[in-house]
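What follows is final_0.txt (compact mmCIF, N, CA and C atoms).
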# COMPACT_ATOMS: atom_id res chain seq x y z
N MET A 200 -233.98 65.40 204.97
CA MET A 200 -232.74 66.07 204.61
C MET A 200 -233.01 67.43 204.00
N ARG A 201 -234.09 67.53 203.16
CA ARG A 201 -234.43 68.80 202.54
C ARG A 201 -234.78 69.86 203.60
N GLN A 202 -235.51 69.46 204.62
CA GLN A 202 -235.86 70.41 205.67
C GLN A 202 -234.60 70.90 206.38
N PHE A 203 -233.65 70.05 206.59
CA PHE A 203 -232.39 70.43 207.25
C PHE A 203 -231.68 71.50 206.42
N ILE A 204 -231.60 71.28 205.12
CA ILE A 204 -230.94 72.25 204.24
C ILE A 204 -231.70 73.56 204.23
N SER A 205 -233.02 73.49 204.10
CA SER A 205 -233.83 74.71 204.03
C SER A 205 -233.82 75.50 205.34
N ARG A 206 -233.90 74.81 206.46
CA ARG A 206 -234.05 75.49 207.74
C ARG A 206 -232.71 75.87 208.37
N ILE A 207 -231.65 75.12 208.12
CA ILE A 207 -230.38 75.36 208.80
C ILE A 207 -229.32 75.92 207.85
N ILE A 208 -229.08 75.25 206.75
CA ILE A 208 -227.97 75.61 205.87
C ILE A 208 -228.23 76.91 205.12
N LYS A 209 -229.41 77.08 204.53
CA LYS A 209 -229.69 78.29 203.75
C LYS A 209 -229.55 79.57 204.56
N PRO A 210 -230.09 79.66 205.78
CA PRO A 210 -229.89 80.89 206.56
C PRO A 210 -228.41 81.17 206.87
N TRP A 211 -227.65 80.11 207.14
CA TRP A 211 -226.21 80.29 207.41
C TRP A 211 -225.49 80.78 206.16
N LEU A 212 -225.84 80.24 205.01
CA LEU A 212 -225.22 80.70 203.76
C LEU A 212 -225.58 82.15 203.48
N ALA A 213 -226.81 82.52 203.71
CA ALA A 213 -227.23 83.90 203.51
C ALA A 213 -226.48 84.84 204.44
N LEU A 214 -226.33 84.44 205.70
CA LEU A 214 -225.60 85.25 206.68
C LEU A 214 -224.14 85.40 206.27
N ALA A 215 -223.51 84.32 205.83
CA ALA A 215 -222.10 84.36 205.41
C ALA A 215 -221.93 85.26 204.19
N ALA A 216 -222.85 85.17 203.23
CA ALA A 216 -222.77 86.01 202.03
C ALA A 216 -222.93 87.49 202.39
N THR A 217 -223.85 87.79 203.29
CA THR A 217 -224.05 89.17 203.72
C THR A 217 -222.81 89.71 204.42
N ALA A 218 -222.23 88.92 205.30
CA ALA A 218 -221.02 89.34 206.00
C ALA A 218 -219.88 89.58 205.03
N ALA A 219 -219.75 88.73 204.03
CA ALA A 219 -218.69 88.89 203.04
C ALA A 219 -218.89 90.17 202.24
N MET A 220 -220.12 90.47 201.84
CA MET A 220 -220.40 91.69 201.08
C MET A 220 -220.14 92.94 201.89
N VAL A 221 -220.49 92.94 203.15
CA VAL A 221 -220.23 94.09 204.01
C VAL A 221 -218.73 94.32 204.11
N GLY A 222 -217.96 93.27 204.28
CA GLY A 222 -216.50 93.40 204.36
C GLY A 222 -215.91 93.94 203.07
N ILE A 223 -216.43 93.51 201.92
CA ILE A 223 -215.91 93.96 200.63
C ILE A 223 -216.27 95.41 200.39
N THR A 224 -217.51 95.80 200.64
CA THR A 224 -217.91 97.16 200.33
C THR A 224 -217.31 98.19 201.27
N GLN A 225 -216.90 97.80 202.46
CA GLN A 225 -216.31 98.76 203.37
C GLN A 225 -214.83 98.99 203.11
N GLN A 226 -214.18 98.10 202.37
CA GLN A 226 -212.76 98.26 202.09
C GLN A 226 -212.55 99.50 201.25
N GLY A 227 -211.67 100.38 201.71
CA GLY A 227 -211.31 101.57 200.96
C GLY A 227 -212.31 102.70 201.03
N CYS A 228 -213.41 102.54 201.71
CA CYS A 228 -214.40 103.60 201.82
C CYS A 228 -213.90 104.68 202.76
N THR A 229 -214.32 105.90 202.50
CA THR A 229 -213.95 107.02 203.35
C THR A 229 -215.22 107.62 203.91
N LYS A 230 -215.30 107.75 205.21
CA LYS A 230 -216.46 108.36 205.83
C LYS A 230 -216.36 109.86 205.69
N ASP A 231 -217.52 110.53 205.56
CA ASP A 231 -217.52 111.99 205.42
C ASP A 231 -216.86 112.67 206.59
N ALA A 232 -217.02 112.15 207.79
CA ALA A 232 -216.39 112.75 208.96
C ALA A 232 -214.88 112.69 208.84
N ASP A 233 -214.35 111.59 208.28
CA ASP A 233 -212.91 111.47 208.08
C ASP A 233 -212.43 112.45 207.02
N ALA A 234 -213.24 112.68 205.99
CA ALA A 234 -212.85 113.56 204.91
C ALA A 234 -212.69 114.99 205.39
N ALA A 235 -213.46 115.40 206.39
CA ALA A 235 -213.40 116.77 206.87
C ALA A 235 -212.08 117.09 207.53
N LYS A 236 -211.41 116.10 208.09
CA LYS A 236 -210.15 116.36 208.76
C LYS A 236 -209.00 115.71 207.99
N ALA A 237 -208.56 116.39 206.93
CA ALA A 237 -207.48 115.88 206.11
C ALA A 237 -206.17 115.98 206.88
N PRO A 238 -205.39 114.88 206.91
CA PRO A 238 -204.12 114.92 207.62
C PRO A 238 -203.13 115.83 206.89
N ALA A 239 -202.22 116.36 207.64
CA ALA A 239 -201.20 117.21 207.05
C ALA A 239 -200.23 116.34 206.25
N VAL A 240 -200.17 116.59 204.95
CA VAL A 240 -199.25 115.89 204.08
C VAL A 240 -198.12 116.86 203.78
N PRO A 241 -196.87 116.43 203.92
CA PRO A 241 -195.76 117.35 203.67
C PRO A 241 -195.89 118.01 202.30
N GLU A 242 -195.70 119.31 202.28
CA GLU A 242 -195.82 120.07 201.04
C GLU A 242 -194.51 120.00 200.27
N LYS A 243 -194.57 119.38 199.10
CA LYS A 243 -193.42 119.35 198.19
C LYS A 243 -193.81 120.14 196.96
N ARG A 244 -192.88 120.91 196.44
CA ARG A 244 -193.14 121.71 195.24
C ARG A 244 -191.99 121.58 194.27
N GLU A 245 -192.36 121.69 193.00
CA GLU A 245 -191.38 121.62 191.92
C GLU A 245 -191.85 122.58 190.83
N ASN A 246 -191.14 123.69 190.65
CA ASN A 246 -191.50 124.71 189.64
C ASN A 246 -192.93 125.20 189.81
N GLY A 247 -193.36 125.44 191.05
CA GLY A 247 -194.70 125.95 191.32
C GLY A 247 -195.80 124.91 191.30
N VAL A 248 -195.45 123.65 191.09
CA VAL A 248 -196.43 122.57 191.06
C VAL A 248 -196.34 121.79 192.36
N ARG A 249 -197.47 121.55 192.98
CA ARG A 249 -197.51 120.77 194.22
C ARG A 249 -197.35 119.29 193.89
N ILE A 250 -196.45 118.63 194.59
CA ILE A 250 -196.21 117.19 194.40
C ILE A 250 -196.89 116.45 195.54
N VAL A 251 -197.75 115.50 195.20
CA VAL A 251 -198.44 114.70 196.21
C VAL A 251 -198.13 113.22 195.94
N GLU A 252 -197.49 112.59 196.90
CA GLU A 252 -197.16 111.17 196.76
C GLU A 252 -198.26 110.33 197.40
N LEU A 253 -198.79 109.38 196.62
CA LEU A 253 -199.83 108.47 197.09
C LEU A 253 -199.35 107.04 196.89
N SER A 254 -199.80 106.17 197.78
CA SER A 254 -199.52 104.74 197.67
C SER A 254 -200.84 103.99 197.59
N VAL A 255 -200.84 102.91 196.84
CA VAL A 255 -201.99 102.01 196.85
C VAL A 255 -201.54 100.78 197.63
N THR A 256 -202.20 100.56 198.76
CA THR A 256 -201.89 99.43 199.63
C THR A 256 -203.14 98.57 199.76
N GLU A 257 -203.07 97.57 200.60
CA GLU A 257 -204.26 96.74 200.85
C GLU A 257 -205.34 97.54 201.57
N LYS A 258 -204.99 98.70 202.12
CA LYS A 258 -205.97 99.57 202.78
C LYS A 258 -206.61 100.54 201.79
N GLY A 259 -206.08 100.63 200.59
CA GLY A 259 -206.61 101.56 199.58
C GLY A 259 -205.59 102.60 199.21
N TYR A 260 -206.08 103.77 198.77
CA TYR A 260 -205.20 104.88 198.40
C TYR A 260 -204.81 105.60 199.68
N GLU A 261 -203.50 105.80 199.88
CA GLU A 261 -203.02 106.45 201.09
C GLU A 261 -201.99 107.52 200.76
N PRO A 262 -201.99 108.65 201.44
CA PRO A 262 -202.95 109.07 202.45
C PRO A 262 -204.24 109.57 201.81
N SER A 263 -205.26 109.58 202.56
CA SER A 263 -206.55 110.11 202.15
C SER A 263 -207.35 110.42 203.40
N PRO A 264 -207.94 111.59 203.43
CA PRO A 264 -208.01 112.64 202.43
C PRO A 264 -206.74 113.49 202.41
N VAL A 265 -206.57 114.22 201.29
CA VAL A 265 -205.46 115.16 201.13
C VAL A 265 -206.06 116.51 200.76
N SER A 266 -205.57 117.56 201.39
CA SER A 266 -206.05 118.92 201.08
C SER A 266 -205.31 119.49 199.88
N LEU A 267 -206.07 120.07 198.94
CA LEU A 267 -205.52 120.74 197.77
C LEU A 267 -206.15 122.12 197.66
N LYS A 268 -205.59 122.96 196.77
CA LYS A 268 -206.14 124.28 196.55
C LYS A 268 -206.68 124.38 195.13
N LYS A 269 -207.85 124.98 195.01
CA LYS A 269 -208.48 125.20 193.71
C LYS A 269 -207.54 126.03 192.84
N GLY A 270 -207.32 125.60 191.61
CA GLY A 270 -206.49 126.34 190.66
C GLY A 270 -204.99 126.10 190.79
N GLU A 271 -204.56 125.36 191.80
CA GLU A 271 -203.14 125.09 192.00
C GLU A 271 -202.77 123.79 191.28
N PRO A 272 -201.82 123.84 190.33
CA PRO A 272 -201.41 122.63 189.62
C PRO A 272 -200.84 121.59 190.58
N VAL A 273 -201.19 120.32 190.32
CA VAL A 273 -200.79 119.21 191.18
C VAL A 273 -200.17 118.12 190.31
N LYS A 274 -199.10 117.53 190.82
CA LYS A 274 -198.55 116.32 190.19
C LYS A 274 -198.64 115.21 191.22
N LEU A 275 -199.48 114.22 190.93
CA LEU A 275 -199.58 113.04 191.78
C LEU A 275 -198.48 112.07 191.38
N VAL A 276 -197.84 111.49 192.36
CA VAL A 276 -196.89 110.41 192.12
C VAL A 276 -197.47 109.20 192.86
N VAL A 277 -198.06 108.29 192.11
CA VAL A 277 -198.81 107.18 192.69
C VAL A 277 -198.04 105.87 192.47
N THR A 278 -197.86 105.12 193.56
CA THR A 278 -197.17 103.83 193.48
C THR A 278 -198.07 102.75 194.07
N ARG A 279 -198.41 101.77 193.23
CA ARG A 279 -199.20 100.63 193.71
C ARG A 279 -198.23 99.64 194.33
N LYS A 280 -198.43 99.35 195.63
CA LYS A 280 -197.50 98.52 196.39
C LYS A 280 -198.03 97.12 196.69
N THR A 281 -199.20 96.80 196.15
CA THR A 281 -199.79 95.49 196.40
C THR A 281 -200.50 94.99 195.15
N ASP A 282 -200.55 93.68 195.03
CA ASP A 282 -201.31 93.06 193.95
C ASP A 282 -202.68 92.60 194.46
N HIS A 283 -202.91 92.76 195.77
CA HIS A 283 -204.16 92.33 196.41
C HIS A 283 -205.16 93.48 196.47
N THR A 284 -205.48 94.04 195.31
CA THR A 284 -206.41 95.16 195.23
C THR A 284 -206.96 95.25 193.82
N CYS A 285 -208.15 95.83 193.70
CA CYS A 285 -208.68 96.11 192.36
C CYS A 285 -208.24 97.50 191.91
N ALA A 286 -207.54 98.23 192.77
CA ALA A 286 -207.09 99.59 192.46
C ALA A 286 -205.81 99.53 191.64
N THR A 287 -205.95 99.06 190.40
CA THR A 287 -204.81 98.96 189.51
C THR A 287 -204.74 100.13 188.55
N GLU A 288 -205.53 101.15 188.83
CA GLU A 288 -205.52 102.40 188.07
C GLU A 288 -206.10 103.51 188.93
N VAL A 289 -205.98 104.73 188.42
CA VAL A 289 -206.61 105.88 189.06
C VAL A 289 -207.60 106.46 188.06
N VAL A 290 -208.84 106.59 188.48
CA VAL A 290 -209.89 107.20 187.67
C VAL A 290 -210.38 108.43 188.40
N MET A 291 -210.41 109.58 187.68
CA MET A 291 -210.90 110.82 188.28
C MET A 291 -211.87 111.46 187.28
N ASP A 292 -213.15 111.38 187.61
CA ASP A 292 -214.17 111.93 186.74
C ASP A 292 -214.01 113.44 186.60
N GLY A 293 -214.29 113.95 185.41
CA GLY A 293 -214.23 115.38 185.16
C GLY A 293 -212.83 115.88 184.82
N TYR A 294 -211.85 115.02 184.87
CA TYR A 294 -210.47 115.41 184.58
C TYR A 294 -209.85 114.54 183.49
N ASP A 295 -210.62 113.65 182.89
CA ASP A 295 -210.13 112.76 181.85
C ASP A 295 -208.93 111.94 182.32
N ILE A 296 -208.98 111.51 183.57
CA ILE A 296 -207.89 110.71 184.13
C ILE A 296 -208.36 109.27 184.32
N ASN A 297 -207.68 108.36 183.65
CA ASN A 297 -207.87 106.92 183.80
C ASN A 297 -206.50 106.31 183.51
N THR A 298 -205.67 106.27 184.54
CA THR A 298 -204.25 105.94 184.39
C THR A 298 -203.92 104.61 185.05
N PRO A 299 -203.36 103.65 184.28
CA PRO A 299 -202.95 102.37 184.87
C PRO A 299 -201.82 102.56 185.87
N LEU A 300 -201.81 101.69 186.88
CA LEU A 300 -200.78 101.72 187.92
C LEU A 300 -200.05 100.37 187.95
N PRO A 301 -198.93 100.25 187.23
CA PRO A 301 -198.18 99.00 187.31
C PRO A 301 -197.62 98.80 188.71
N LEU A 302 -197.48 97.57 189.11
CA LEU A 302 -197.00 97.24 190.45
C LEU A 302 -195.59 97.78 190.69
N ASP A 303 -195.41 98.46 191.83
CA ASP A 303 -194.11 98.95 192.29
C ASP A 303 -193.42 99.94 191.35
N GLN A 304 -194.20 100.64 190.52
CA GLN A 304 -193.63 101.66 189.64
C GLN A 304 -194.35 102.98 189.85
N PRO A 305 -193.63 104.04 190.25
CA PRO A 305 -194.28 105.34 190.43
C PRO A 305 -194.83 105.86 189.10
N VAL A 306 -196.05 106.37 189.14
CA VAL A 306 -196.70 106.92 187.96
C VAL A 306 -197.07 108.37 188.27
N GLU A 307 -196.72 109.27 187.36
CA GLU A 307 -197.02 110.70 187.54
C GLU A 307 -198.31 111.05 186.81
N ILE A 308 -199.16 111.80 187.51
CA ILE A 308 -200.44 112.24 186.95
C ILE A 308 -200.58 113.72 187.28
N ALA A 309 -200.69 114.56 186.25
CA ALA A 309 -200.80 116.01 186.46
C ALA A 309 -202.24 116.46 186.23
N PHE A 310 -202.71 117.34 187.12
CA PHE A 310 -204.03 117.96 186.95
C PHE A 310 -204.11 119.20 187.81
N THR A 311 -205.12 120.02 187.58
CA THR A 311 -205.37 121.21 188.37
C THR A 311 -206.81 121.17 188.85
N PRO A 312 -207.03 121.15 190.18
CA PRO A 312 -208.41 121.13 190.70
C PRO A 312 -209.18 122.35 190.21
N LYS A 313 -210.37 122.11 189.65
CA LYS A 313 -211.18 123.19 189.06
C LYS A 313 -212.21 123.76 190.01
N GLU A 314 -212.66 122.95 190.97
CA GLU A 314 -213.75 123.37 191.86
C GLU A 314 -213.42 123.04 193.31
N SER A 315 -213.95 123.84 194.21
CA SER A 315 -213.79 123.57 195.63
C SER A 315 -214.72 122.43 196.03
N GLY A 316 -214.36 121.74 197.10
CA GLY A 316 -215.20 120.67 197.61
C GLY A 316 -214.48 119.34 197.64
N LYS A 317 -215.26 118.31 197.71
CA LYS A 317 -214.74 116.94 197.83
C LYS A 317 -214.55 116.35 196.43
N LEU A 318 -213.33 115.96 196.12
CA LEU A 318 -213.01 115.34 194.84
C LEU A 318 -212.63 113.89 195.10
N VAL A 319 -213.48 112.97 194.64
CA VAL A 319 -213.27 111.53 194.88
C VAL A 319 -212.62 110.93 193.64
N TYR A 320 -211.58 110.14 193.87
CA TYR A 320 -210.92 109.41 192.81
C TYR A 320 -210.88 107.94 193.24
N GLY A 321 -210.60 107.05 192.31
CA GLY A 321 -210.56 105.65 192.72
C GLY A 321 -210.33 104.69 191.59
N CYS A 322 -210.65 103.44 191.85
CA CYS A 322 -210.43 102.37 190.87
C CYS A 322 -211.54 102.41 189.81
N ALA A 323 -211.34 101.64 188.75
CA ALA A 323 -212.30 101.62 187.65
C ALA A 323 -213.56 100.83 187.98
N MET A 324 -213.59 100.14 189.12
CA MET A 324 -214.78 99.39 189.51
C MET A 324 -215.73 100.32 190.27
N ASN A 325 -216.12 101.40 189.60
CA ASN A 325 -217.04 102.39 190.17
C ASN A 325 -216.51 102.97 191.48
N LYS A 326 -215.18 103.09 191.58
CA LYS A 326 -214.50 103.67 192.75
C LYS A 326 -214.79 102.89 194.03
N MET A 327 -214.90 101.56 193.90
CA MET A 327 -215.10 100.72 195.08
C MET A 327 -213.95 100.96 196.07
N ILE A 328 -212.73 101.09 195.56
CA ILE A 328 -211.58 101.52 196.35
C ILE A 328 -211.37 102.97 195.96
N SER A 329 -211.40 103.87 196.94
CA SER A 329 -211.36 105.29 196.59
C SER A 329 -210.51 106.09 197.58
N GLY A 330 -210.20 107.29 197.14
CA GLY A 330 -209.52 108.27 197.97
C GLY A 330 -210.20 109.62 197.76
N VAL A 331 -209.84 110.59 198.59
CA VAL A 331 -210.51 111.89 198.55
C VAL A 331 -209.48 113.01 198.59
N PHE A 332 -209.72 114.02 197.74
CA PHE A 332 -209.01 115.29 197.84
C PHE A 332 -210.03 116.31 198.35
N MET A 333 -209.67 117.06 199.37
CA MET A 333 -210.49 118.16 199.85
C MET A 333 -209.93 119.43 199.24
N VAL A 334 -210.67 120.04 198.32
CA VAL A 334 -210.20 121.19 197.57
C VAL A 334 -210.78 122.46 198.20
N ASP A 335 -209.88 123.34 198.64
CA ASP A 335 -210.30 124.63 199.23
C ASP A 335 -210.30 125.71 198.19
Represent the structure of the file as structure tokens.
Amino acid sequence: MRQFISRIIKPWLALAATAAMVGITQQGCTKDADAAKAPAVPEKRENGVRIVELSVTEKGYEPSPVSLKKGEPVKLVVTRKTDHTCATEVVMDGYDINTPLPLDQPVEIAFTPKESGKLVYGCAMNKMISGVFMVD
């Protein structure tokens, strides 16, 4: 019986665990190639501030990537639409942003991009679920 467990069951368990980890780590990830082509998000403005509406779904932060401009004030309006995610907040390093996202309630987050390039934001679990701003 021990040989059966060692030779048959253990490799299957290892394979199942590996497959599960691959599925978990790929959720919400953004490939660099995808980040280069940010979809056109309708431009909304309010008193010179760009308004960007984001949703947290089972797919992650949407839309992503979003193009922003360096030095242009932004107000994010983020609504978490699912409870099946670890993305229950928005964390953005370098901007002192760590904002809880209650379910089905829009949350406003104001910031101004300081540098050009790729700005990654995400959940508090080391951004396992993440989104990207492409700052020009």
Take the point (-204.5, 116.3, 183.8) as written in the file and pick out every residue within 7 Å of it, counting all atoms listed in the file; give the list as an MDAnalysis selection string. chainID A and resid 294:296 308:311
Take the point (-212.3, 102.4, 193.5) in the file's coordinates, draw a sphere of radius 9 Å around it, and report as a count of residues only every protein, DNA or RNA residue with an atom inside or on it, counting only C-alpha atoms. 20
List every residue of stretch 276-335 of chain A that DSSP, applied to the backbone, labels as strand (DSSP E or B), and write the result as number ranges by chain. A: 276-279, 288-291, 296-299, 302, 306-310, 316-321, 329-334
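Here atom CA of A:Thr256 stands at a distance of 6.6 Å from atom CA of A:Arg279.
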Give me the residues near A:Gln304 as a PyMOL selection string, where near means some atom within 10 Å (using only C-alpha atoms) and where sequence neighbours in that chain fewer than 3 positions away do not count. chain A and resi 276-280+300-301+307
If I take atom CA of A:Thr298 and atom CA of A:Leu267, how far is one from the other in Å, to one decimal? 20.0 Å
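If you look at atom N of A:Arg244 and atom CA of A:Thr281, they are 26.3 Å away from each other.
Remark: for A:Lys269, the closest of the candidate residues A:Gly316, A:Val331, A:His283, A:Asp303 is A:Gly316 (distances computed over all atoms listed in the file).
Using only C-alpha atoms, the contacts of A:Glu271 at a cut-off of 12 Å, with sequence neighbours closer than 2 positions omitted, comprise Arg244, Asn246, Gly247, Val248, Arg249, Ile250, Ser266, Leu267, Lys268, Lys269, Val273, Lys274, Ala309, Phe310, Thr311, Pro312, Lys313, Glu314, Ser315, Val334 and Asp335 of chain A.
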Would you mind exporting N, CA and C atoms of the selected residues as a compact mmCIF listing (two decimals), keeping the file's coordinate frame?
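What ended up in result.txt:
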# COMPACT_ATOMS: atom_id res chain seq x y z
N ARG A 244 -192.88 120.91 196.44
CA ARG A 244 -193.14 121.71 195.24
C ARG A 244 -191.99 121.58 194.27
N ASN A 246 -191.14 123.69 190.65
CA ASN A 246 -191.50 124.71 189.64
C ASN A 246 -192.93 125.20 189.81
N GLY A 247 -193.36 125.44 191.05
CA GLY A 247 -194.70 125.95 191.32
C GLY A 247 -195.80 124.91 191.30
N VAL A 248 -195.45 123.65 191.09
CA VAL A 248 -196.43 122.57 191.06
C VAL A 248 -196.34 121.79 192.36
N ARG A 249 -197.47 121.55 192.98
CA ARG A 249 -197.51 120.77 194.22
C ARG A 249 -197.35 119.29 193.89
N ILE A 250 -196.45 118.63 194.59
CA ILE A 250 -196.21 117.19 194.40
C ILE A 250 -196.89 116.45 195.54
N SER A 266 -205.57 117.56 201.39
CA SER A 266 -206.05 118.92 201.08
C SER A 266 -205.31 119.49 199.88
N LEU A 267 -206.07 120.07 198.94
CA LEU A 267 -205.52 120.74 197.77
C LEU A 267 -206.15 122.12 197.66
N LYS A 268 -205.59 122.96 196.77
CA LYS A 268 -206.14 124.28 196.55
C LYS A 268 -206.68 124.38 195.13
N LYS A 269 -207.85 124.98 195.01
CA LYS A 269 -208.48 125.20 193.71
C LYS A 269 -207.54 126.03 192.84
N VAL A 273 -201.19 120.32 190.32
CA VAL A 273 -200.79 119.21 191.18
C VAL A 273 -200.17 118.12 190.31
N LYS A 274 -199.10 117.53 190.82
CA LYS A 274 -198.55 116.32 190.19
C LYS A 274 -198.64 115.21 191.22
N ALA A 309 -200.69 114.56 186.25
CA ALA A 309 -200.80 116.01 186.46
C ALA A 309 -202.24 116.46 186.23
N PHE A 310 -202.71 117.34 187.12
CA PHE A 310 -204.03 117.96 186.95
C PHE A 310 -204.11 119.20 187.81
N THR A 311 -205.12 120.02 187.58
CA THR A 311 -205.37 121.21 188.37
C THR A 311 -206.81 121.17 188.85
N PRO A 312 -207.03 121.15 190.18
CA PRO A 312 -208.41 121.13 190.70
C PRO A 312 -209.18 122.35 190.21
N LYS A 313 -210.37 122.11 189.65
CA LYS A 313 -211.18 123.19 189.06
C LYS A 313 -212.21 123.76 190.01
N GLU A 314 -212.66 122.95 190.97
CA GLU A 314 -213.75 123.37 191.86
C GLU A 314 -213.42 123.04 193.31
N SER A 315 -213.95 123.84 194.21
CA SER A 315 -213.79 123.57 195.63
C SER A 315 -214.72 122.43 196.03
N VAL A 334 -210.67 120.04 198.32
CA VAL A 334 -210.20 121.19 197.57
C VAL A 334 -210.78 122.46 198.20
N ASP A 335 -209.88 123.34 198.64
CA ASP A 335 -210.30 124.63 199.23
C ASP A 335 -210.30 125.71 198.19
